[in-house]
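Below is data37.pdb, which holds PDB, C-alpha atoms and all ligand atoms.
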ATOM      1  CA  MET A   1      -8.162 -13.456   1.230
ATOM      2  CA  LYS A   2      -6.447 -10.930   3.401
ATOM      3  CA  ILE A   3      -4.664  -7.642   2.866
ATOM      4  CA  ILE A   4      -1.449  -7.035   4.739
ATOM      5  CA  CYS A   5      -0.039  -3.529   4.746
ATOM      6  CA  ILE A   6       3.436  -2.257   5.535
ATOM      7  CA  GLY A   7       3.790   1.158   7.154
ATOM      8  CA  ARG A   8       6.815   3.450   7.262
ATOM      9  CA  ASN A   9       8.764   1.811   4.465
ATOM     10  CA  TYR A  10      10.107   4.965   2.761
ATOM     11  CA  VAL A  11      12.358   7.388   4.641
ATOM     12  CA  GLU A  12      10.951  10.633   3.182
ATOM     13  CA  HIS A  13       7.403   9.577   4.060
ATOM     14  CA  ILE A  14       8.465   8.755   7.643
ATOM     15  CA  GLU A  15       9.915  12.250   7.831
ATOM     16  CA  GLU A  16       6.894  14.035   6.368
ATOM     17  CA  LEU A  17       4.668  12.504   9.082
ATOM     18  CA  LYS A  18       7.363  13.019  11.742
ATOM     19  CA  ASN A  19       7.290   9.323  12.622
ATOM     20  CA  GLU A  20      10.149   7.349  14.104
ATOM     21  CA  ARG A  21      12.123   5.122  11.784
ATOM     22  CA  PRO A  22      11.110   1.584  12.822
ATOM     23  CA  ASP A  23      13.643  -1.172  13.485
ATOM     24  CA  ALA A  24      11.282  -3.784  12.020
ATOM     25  CA  PRO A  25       8.497  -3.481   9.431
ATOM     26  CA  VAL A  26       5.264  -1.934  10.734
ATOM     27  CA  ILE A  27       2.377  -4.237   9.808
ATOM     28  CA  PHE A  28      -1.367  -3.746   9.829
ATOM     29  CA  MET A  29      -4.233  -5.425   7.974
ATOM     30  CA  LYS A  30      -7.354  -4.545   6.079
ATOM     31  CA  PRO A  31     -10.334  -6.926   5.842
ATOM     32  CA  ASP A  32     -11.675  -7.943   2.416
ATOM     33  CA  THR A  33     -14.600  -5.573   2.996
ATOM     34  CA  ALA A  34     -12.104  -2.700   2.655
ATOM     35  CA  ILE A  35     -11.700  -3.428  -1.051
ATOM     36  CA  LEU A  36     -13.519  -0.903  -3.208
ATOM     37  CA  PRO A  37     -15.172  -2.746  -6.117
ATOM     38  CA  LYS A  38     -13.711  -1.832  -9.519
ATOM     39  CA  LYS A  39     -15.242   1.135 -11.367
ATOM     40  CA  THR A  40     -16.840   2.384  -8.162
ATOM     41  CA  PRO A  41     -16.120   5.933  -6.963
ATOM     42  CA  PHE A  42     -14.528   6.376  -3.552
ATOM     43  CA  THR A  43     -16.876   8.064  -1.086
ATOM     44  CA  ILE A  44     -15.187  10.094   1.632
ATOM     45  CA  PRO A  45     -16.498   8.589   4.891
ATOM     46  CA  GLU A  46     -18.495  10.908   7.121
ATOM     47  CA  PHE A  47     -16.267  10.244  10.152
ATOM     48  CA  SER A  48     -13.292  12.004   8.586
ATOM     49  CA  THR A  49     -12.476  15.417   7.143
ATOM     50  CA  ASP A  50      -8.906  14.527   6.201
ATOM     51  CA  VAL A  51      -8.687  11.370   4.081
ATOM     52  CA  HIS A  52      -5.244  10.980   2.517
ATOM     53  CA  HIS A  53      -4.140   9.042  -0.552
ATOM     54  CA  GLU A  54      -1.158   6.714  -0.062
ATOM     55  CA  VAL A  55      -0.114   5.143  -3.351
ATOM     56  CA  GLU A  56       1.666   1.807  -2.929
ATOM     57  CA  ILE A  57       3.110  -1.052  -4.921
ATOM     58  CA  LEU A  58       1.089  -4.245  -4.367
ATOM     59  CA  VAL A  59       2.317  -7.816  -4.337
ATOM     60  CA  LYS A  60      -0.082 -10.669  -5.054
ATOM     61  CA  ILE A  61       0.707 -13.975  -3.350
ATOM     62  CA  CYS A  62       0.448 -17.034  -5.628
ATOM     63  CA  LYS A  63       0.872 -19.956  -3.217
ATOM     64  CA  VAL A  64       0.626 -20.905   0.424
ATOM     65  CA  GLY A  65       3.670 -20.130   2.513
ATOM     66  CA  LYS A  66       4.820 -19.876   6.116
ATOM     67  CA  TYR A  67       8.328 -19.130   7.433
ATOM     68  CA  ILE A  68       9.454 -18.228   3.928
ATOM     69  CA  SER A  69      13.137 -17.372   3.693
ATOM     70  CA  PRO A  70      14.050 -14.144   1.841
ATOM     71  CA  LYS A  71      15.967 -16.235  -0.676
ATOM     72  CA  PHE A  72      12.846 -18.112  -1.788
ATOM     73  CA  ALA A  73      10.317 -15.290  -1.295
ATOM     74  CA  HIS A  74      10.206 -14.501  -5.028
ATOM     75  CA  LYS A  75       8.563 -17.896  -5.638
ATOM     76  CA  TYR A  76       5.530 -16.851  -3.593
ATOM     77  CA  TYR A  77       4.332 -13.916  -5.720
ATOM     78  CA  ASP A  78       3.854 -13.602  -9.442
ATOM     79  CA  GLU A  79       2.045 -10.290  -9.926
ATOM     80  CA  ILE A  80       2.818  -6.682  -9.095
ATOM     81  CA  GLY A  81       0.131  -4.029  -8.884
ATOM     82  CA  LEU A  82      -0.630  -0.558  -7.671
ATOM     83  CA  GLY A  83      -3.083   0.475  -5.000
ATOM     84  CA  ILE A  84      -4.124   3.219  -2.645
ATOM     85  CA  ASP A  85      -4.134   2.769   1.112
ATOM     86  CA  PHE A  86      -6.734   5.419   1.961
ATOM     87  CA  THR A  87      -6.124   6.756   5.435
ATOM     88  CA  ALA A  88      -8.366   8.914   7.612
ATOM     89  CA  ARG A  89      -5.416  10.941   8.868
ATOM     90  CA  ASP A  90      -7.411  12.838  11.507
ATOM     91  CA  VAL A  91      -8.741   9.573  12.957
ATOM     92  CA  GLN A  92      -5.287   7.991  12.795
ATOM     93  CA  ALA A  93      -3.737  10.962  14.620
ATOM     94  CA  GLU A  94      -6.178  10.507  17.511
ATOM     95  CA  LEU A  95      -5.522   6.751  17.687
ATOM     96  CA  LYS A  96      -1.754   7.224  17.520
ATOM     97  CA  LYS A  97      -1.887   9.750  20.351
ATOM     98  CA  LYS A  98      -3.616   7.157  22.532
ATOM     99  CA  GLY A  99      -1.401   4.287  21.354
ATOM    100  CA  LEU A 100      -4.436   2.482  19.931
ATOM    101  CA  PRO A 101      -4.679   0.287  16.808
ATOM    102  CA  TRP A 102      -5.225   2.062  13.469
ATOM    103  CA  GLU A 103      -8.030  -0.012  11.973
ATOM    104  CA  LYS A 104     -10.712   2.684  12.166
ATOM    105  CA  ALA A 105      -8.417   4.986  10.193
ATOM    106  CA  LYS A 106      -7.075   2.438   7.717
ATOM    107  CA  ALA A 107      -9.385  -0.549   7.323
ATOM    108  CA  PHE A 108     -12.796   1.036   6.765
ATOM    109  CA  ASP A 109     -15.039   0.070   3.818
ATOM    110  CA  GLY A 110     -13.562   1.223   0.518
ATOM    111  CA  SER A 111     -10.155   2.089   1.980
ATOM    112  CA  ALA A 112      -8.270  -0.414  -0.207
ATOM    113  CA  ILE A 113      -8.020   0.562  -3.858
ATOM    114  CA  ILE A 114      -6.584  -2.174  -6.035
ATOM    115  CA  GLY A 115      -5.615  -1.384  -9.607
ATOM    116  CA  ASP A 116      -4.632  -3.705 -12.452
ATOM    117  CA  PHE A 117      -1.855  -6.230 -11.857
ATOM    118  CA  LEU A 118       1.122  -6.854 -14.128
ATOM    119  CA  SER A 119       3.151 -10.021 -14.357
ATOM    120  CA  LYS A 120       6.307  -9.981 -12.253
ATOM    121  CA  ASP A 121       8.100 -11.181 -15.384
ATOM    122  CA  ASP A 122       7.381  -7.798 -17.014
ATOM    123  CA  PHE A 123      10.053  -6.265 -14.783
ATOM    124  CA  ASN A 124      13.818  -6.685 -14.913
ATOM    125  CA  SER A 125      13.883  -6.327 -11.140
ATOM    126  CA  VAL A 126      11.123  -5.790  -8.589
ATOM    127  CA  GLU A 127      13.675  -3.710  -6.690
ATOM    128  CA  ASN A 128      13.620  -1.006  -9.364
ATOM    129  CA  ILE A 129      10.015  -0.196 -10.232
ATOM    130  CA  THR A 130       8.924   3.400 -10.716
ATOM    131  CA  PHE A 131       5.376   4.330  -9.812
ATOM    132  CA  GLU A 132       3.358   7.515  -9.620
ATOM    133  CA  LEU A 133       0.041   8.956  -8.499
ATOM    134  CA  GLN A 134      -1.565  11.897 -10.261
ATOM    135  CA  LYS A 135      -4.381  13.980  -8.851
ATOM    136  CA  ASN A 136      -6.447  15.875 -11.404
ATOM    137  CA  GLY A 137      -3.666  15.438 -13.945
ATOM    138  CA  GLY A 138      -0.796  16.650 -11.735
ATOM    139  CA  MET A 139       1.812  14.435 -10.100
ATOM    140  CA  VAL A 140       1.386  14.170  -6.312
ATOM    141  CA  GLN A 141       3.400  11.061  -5.403
ATOM    142  CA  LYS A 142       6.289   9.415  -7.182
ATOM    143  CA  GLY A 143       8.316   6.502  -5.888
ATOM    144  CA  ASN A 144      10.711   3.738  -6.777
ATOM    145  CA  THR A 145      10.855   0.397  -5.009
ATOM    146  CA  SER A 146      14.641   0.796  -4.712
ATOM    147  CA  HIS A 147      13.919   3.345  -1.965
ATOM    148  CA  MET A 148      12.098   0.860   0.272
ATOM    149  CA  LEU A 149      13.611   0.307   3.728
ATOM    150  CA  TRP A 150      12.478  -3.326   3.440
ATOM    151  CA  LYS A 151      12.506  -4.831  -0.035
ATOM    152  CA  ILE A 152       9.647  -6.913  -1.380
ATOM    153  CA  ASP A 153      11.350 -10.268  -0.719
ATOM    154  CA  GLU A 154      12.210  -9.221   2.830
ATOM    155  CA  ILE A 155       8.605  -8.127   3.410
ATOM    156  CA  VAL A 156       7.160 -11.434   2.134
ATOM    157  CA  SER A 157       9.565 -13.323   4.371
ATOM    158  CA  TYR A 158       8.944 -11.146   7.425
ATOM    159  CA  VAL A 159       5.155 -11.189   7.121
ATOM    160  CA  SER A 160       5.150 -14.989   6.726
ATOM    161  CA  GLN A 161       6.827 -15.396  10.116
ATOM    162  CA  TYR A 162       3.554 -14.208  11.664
ATOM    163  CA  PHE A 163       0.810 -14.922   9.119
ATOM    164  CA  THR A 164       0.443 -17.851   6.749
ATOM    165  CA  LEU A 165       0.291 -16.380   3.279
ATOM    166  CA  LYS A 166      -2.304 -17.813   0.933
ATOM    167  CA  LYS A 167      -2.909 -17.593  -2.790
ATOM    168  CA  GLY A 168      -4.710 -14.326  -3.549
ATOM    169  CA  ASP A 169      -3.498 -12.437  -0.494
ATOM    170  CA  ILE A 170      -2.287  -8.930  -1.301
ATOM    171  CA  ILE A 171       0.523  -7.014   0.371
ATOM    172  CA  PHE A 172       0.544  -3.197   0.314
ATOM    173  CA  THR A 173       4.243  -2.338   0.530
ATOM    174  CA  GLY A 174       4.153   1.203   1.915
ATOM    175  CA  THR A 175       3.892   4.695   0.499
ATOM    176  CA  PRO A 176       6.533   7.189  -0.593
ATOM    177  CA  GLU A 177       6.351  10.882   0.339
ATOM    178  CA  GLY A 178       3.679  13.208  -0.995
ATOM    179  CA  VAL A 179       0.601  11.855   0.778
ATOM    180  CA  GLY A 180      -2.243  14.356   0.854
ATOM    181  CA  LYS A 181      -5.911  15.031   1.252
ATOM    182  CA  VAL A 182      -8.517  14.061  -1.329
ATOM    183  CA  SER A 183     -11.640  16.105  -2.006
ATOM    184  CA  THR A 184     -14.954  15.556  -3.738
ATOM    185  CA  ASN A 185     -14.612  15.477  -7.540
ATOM    186  CA  ASP A 186     -10.881  14.701  -7.507
ATOM    187  CA  VAL A 187      -9.686  12.150 -10.037
ATOM    188  CA  LEU A 188      -6.748   9.938  -9.056
ATOM    189  CA  GLU A 189      -4.700   8.036 -11.617
ATOM    190  CA  GLY A 190      -1.934   5.582 -10.818
ATOM    191  CA  PHE A 191       0.941   4.526 -13.037
ATOM    192  CA  ILE A 192       3.566   1.801 -12.969
ATOM    193  CA  GLU A 193       6.461   2.647 -15.307
ATOM    194  CA  ASN A 194       4.206   5.109 -17.220
ATOM    195  CA  LYS A 195       1.450   2.512 -17.714
ATOM    196  CA  ARG A 196      -1.858   3.588 -16.206
ATOM    197  CA  VAL A 197      -3.158   0.818 -13.961
ATOM    198  CA  LEU A 198      -5.619   2.709 -11.781
ATOM    199  CA  ARG A 199      -8.231   5.462 -12.190
ATOM    200  CA  LEU A 200     -10.585   6.603  -9.461
ATOM    201  CA  HIS A 201     -13.195   9.299  -8.876
ATOM    202  CA  ILE A 202     -13.686  10.783  -5.421
ATOM    203  CA  LYS A 203     -17.295  11.366  -4.417
TER
HETATM  204 MG    MG B   1       0.203   3.017   3.657
END
Before we go any further, please render this structure as C-alpha cells.
Amino acid sequence: MKIICIGRNYVEHIEELKNERPDAPVIFMKPDTAILPKKTPFTIPEFSTDVHHEVEILVKICKVGKYISPKFAHKYYDEIGLGIDFTARDVQAELKKKGLPWEKAKAFDGSAIIGDFLSKDDFNSVENITFELQKNGGMVQKGNTSHMLWKIDEIVSYVSQYFTLKKGDIIFTGTPEGVGKVSTNDVLEGFIENKRVLRLHIK
C-alpha cells in the first residue's frame, strides 16, 4: 500500500506557515515503513528538535482506480479516518530553502499515525466533518472538511491522474491551522465528530 499526502489544503494553515496558496494540490508520499504500529509510542527522531503534529482526515481507498472523474470519486473510498502527519519542521525548513524534496522531514519511520476508521456511511456528507486534536487534554487543532481548498472527491480524482490508486491506499488530506511542536511525555488524542479515534504517547 502507499500513503499519499496533500499539503496546503487549508487557507489558515497556509498562512500560519507563510506559504503560497497553490494553484493545484501539493502532493507528497510516505512509504509504508512510515506507519507507526498501533499502541506504539511515537519517538521523536534524533535528527530533529522541532517535530510538529499535523492532524488530518484520512481517506481509505477501496478499489483500484486511475483517471477517476470527480463525479465517480466517491465510489473509490468507503472509510474515513484520522491521522497525524508528523513533520520535522526544522528539517523541512532547510529542504524548502534549497528547493529539495521533503521526504526526510515527512516520510521518516513512525511519521504516519493512523487512527481508527469509520464507515463513510456514518456521515451525512464527507464535505462537513468536524475533527480535532487535543494535546494533554487541551484542544490544539480543530478543523472541518468544508474548509478544504480541494474537497475529498477532487483530491481522489486529482491524485489518480498521476498514481493508480489501489485498495488499502490511504490519503492524508491536509492539516488545518494550529500545528505545533510535540515534546516527550505529551499525549495526543484525535477526535472525529467528538468520537475519539486516536490516542498517542510521545516518547
Ligand atoms: Mg500535512
Original post:
Which residue gives the smallest distance to Thr43 (chain A) among A:Ile113, A:Ile192, A:Val11, A:Met29, with only C-alpha atoms counted?
Top reply: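 Ranked by minimum distance to Thr43 (chain A), first place goes to A:Ile113.
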Original post:
CA of Val187 (chain A) and CA of His201 (chain A) are how many Å apart?
Top reply: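 Interatomic distance, CA of Val187 (chain A) to CA of His201 (chain A): 4.7 Å.
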Original post:
Using all atoms listed in the file, which of A:Met1, A:Ile27, A:Ile44, A:Leu118 sits nearest ligand MG 1 (chain B)?
Top reply: A:Ile27
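Near ligand MG 1 (chain B), at a distance of at most 8 Å and with all atoms listed in the file counted, sit the residues Cys5, Ile6, Gly7, Arg8, Glu54, Val55, Glu56, Ile84, Asp85, Phe86, Thr87, Phe172, Thr173, Gly174 and Thr175 of chain A.
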**OP:** List the neighbours of Lys71 (chain A) out to 10 Å using only C-alpha atoms; skip same-chain residues closer than 3 positions along the sequence, and give me the result as number ranges by chain.
**Re:** A: 68, 74-75, 153-154, 157
Can I get the selection written as a CSV table (one decimal), keeping the file's coordinate frame, with C-alpha atoms?
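After the write, out-v3.csv holds the following:
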chain,number,residue,atom,x,y,z
A,68,ILE,CA,9.5,-18.2,3.9
A,74,HIS,CA,10.2,-14.5,-5.0
A,75,LYS,CA,8.6,-17.9,-5.6
A,153,ASP,CA,11.4,-10.3,-0.7
A,154,GLU,CA,12.2,-9.2,2.8
A,157,SER,CA,9.6,-13.3,4.4
Original post:
Closest to Gly115 (chain A) among A:Asp186, A:Glu46, A:Glu15, A:Glu79, using only C-alpha atoms?
Top reply: A:Glu79
**OP:** Identify, on the basis of all atoms listed in the file, every residue whose closest approach to region 198-200 of chain A does not exceed 8 Å; exclude the query and any residue fewer than 4 positions from it along the same chain; express the result as a list in words.
**Re:** Lys39, Thr40, Pro41, Phe42, Leu82, Gly83, Ile114, Gly115, Asp116, Val187, Leu188, Glu189, Gly190 and Phe191 of chain A
Original post:
Can you tell me how far CA of Leu149 (chain A) sits from CA of Ala93 (chain A), in Å to one decimal?
Top reply: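 For CA of Leu149 (chain A) relative to CA of Ala93 (chain A), the distance reads 23.1 Å.
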**OP:** Using only C-alpha atoms, find the one residue out of A:Trp102, A:Phe123, A:Phe117, A:Trp150 that sits nearest to Pro70 (chain A).
**Re:**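 Under the stated criterion, the closest residue is A:Trp150.
For the pair CA of Arg89 (chain A) and CA of Pro25 (chain A), the separation is 20.0 Å.
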Original post:
Which of these, A:Glu16, A:Glu177, A:Glu132, A:Glu127, has the shortest distance to Arg196 (chain A) once you count all atoms listed in the file?
Top reply: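 The answer is A:Glu132, which sits nearest to Arg196 (chain A).
Evaluated on this file, the PyMOL selection byres (((chain A and resi 105) around 9) and not hetatm) matches A:Ser48, A:Val51, A:Phe86, A:Thr87, A:Ala88, A:Arg89, A:Asp90, A:Val91, A:Gln92, A:Ala93, A:Leu95, A:Pro101, A:Trp102, A:Glu103, A:Lys104, A:Lys106, A:Ala107, A:Phe108, A:Ser111.
Considering only C-alpha atoms, the residue among A:Val59, A:Ala24, A:Ile4, A:Ile14 positioned nearest to Tyr77 (chain A) is A:Val59.
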Padding 6 Å on each side, edges along x, y and z: where is the centre of the box around the listed atoms of region 58-72 of chain A, and how long are its edges in Å to one decimal? Output it as AutoDock Vina command-line options.
--center_x 7.9 --center_y -12.6 --center_z 0.9 --size_x 28.0 --size_y 28.7 --size_z 25.1
**OP:** Give as an MDAnalysis selection string the residues that the PyMOL selection byres (((chain A and resi 159-161) around 8) and not hetatm) matches when applied to the coordinates above.
**Re:** chainID A and resid 27 65:68 155:158 162:165
Go ahead and save the picked residues with C-alpha atoms, as a PDB file, keeping the file's coordinate frame.
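What ended up in again-v4.pdb:
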ATOM      1  CA  ILE A  27       2.377  -4.237   9.808  1.00  0.00           C
ATOM      2  CA  GLY A  65       3.670 -20.130   2.513  1.00  0.00           C
ATOM      3  CA  LYS A  66       4.820 -19.876   6.116  1.00  0.00           C
ATOM      4  CA  TYR A  67       8.328 -19.130   7.433  1.00  0.00           C
ATOM      5  CA  ILE A  68       9.454 -18.228   3.928  1.00  0.00           C
ATOM      6  CA  ILE A 155       8.605  -8.127   3.410  1.00  0.00           C
ATOM      7  CA  VAL A 156       7.160 -11.434   2.134  1.00  0.00           C
ATOM      8  CA  SER A 157       9.565 -13.323   4.371  1.00  0.00           C
ATOM      9  CA  TYR A 158       8.944 -11.146   7.425  1.00  0.00           C
ATOM     10  CA  TYR A 162       3.554 -14.208  11.664  1.00  0.00           C
ATOM     11  CA  PHE A 163       0.810 -14.922   9.119  1.00  0.00           C
ATOM     12  CA  THR A 164       0.443 -17.851   6.749  1.00  0.00           C
ATOM     13  CA  LEU A 165       0.291 -16.380   3.279  1.00  0.00           C
TER      14      LEU A 165
END
Subject >> Selection: 6 Å around Tyr76 (chain A), only C-alpha atoms, excl. self and same-chain fewer than 6 positions, as a list in words >> reply: Ile61, Cys62 and Lys63 of chain A
Subject >> Within 8 Å of file point (7.0, 7.4, -7.2), counting all atoms listed in the file, expressed as an NGL selection string >> reply: :A and (130-133 or 141-144 or 176)
**OP:** Within 6 Å of (-9.0, 11.2, -2.4) (coordinates as in the file), grab all the protein and nucleic acid residues, counting all atoms listed in the file, and write them out as a count of residues only.
**Re:** 4
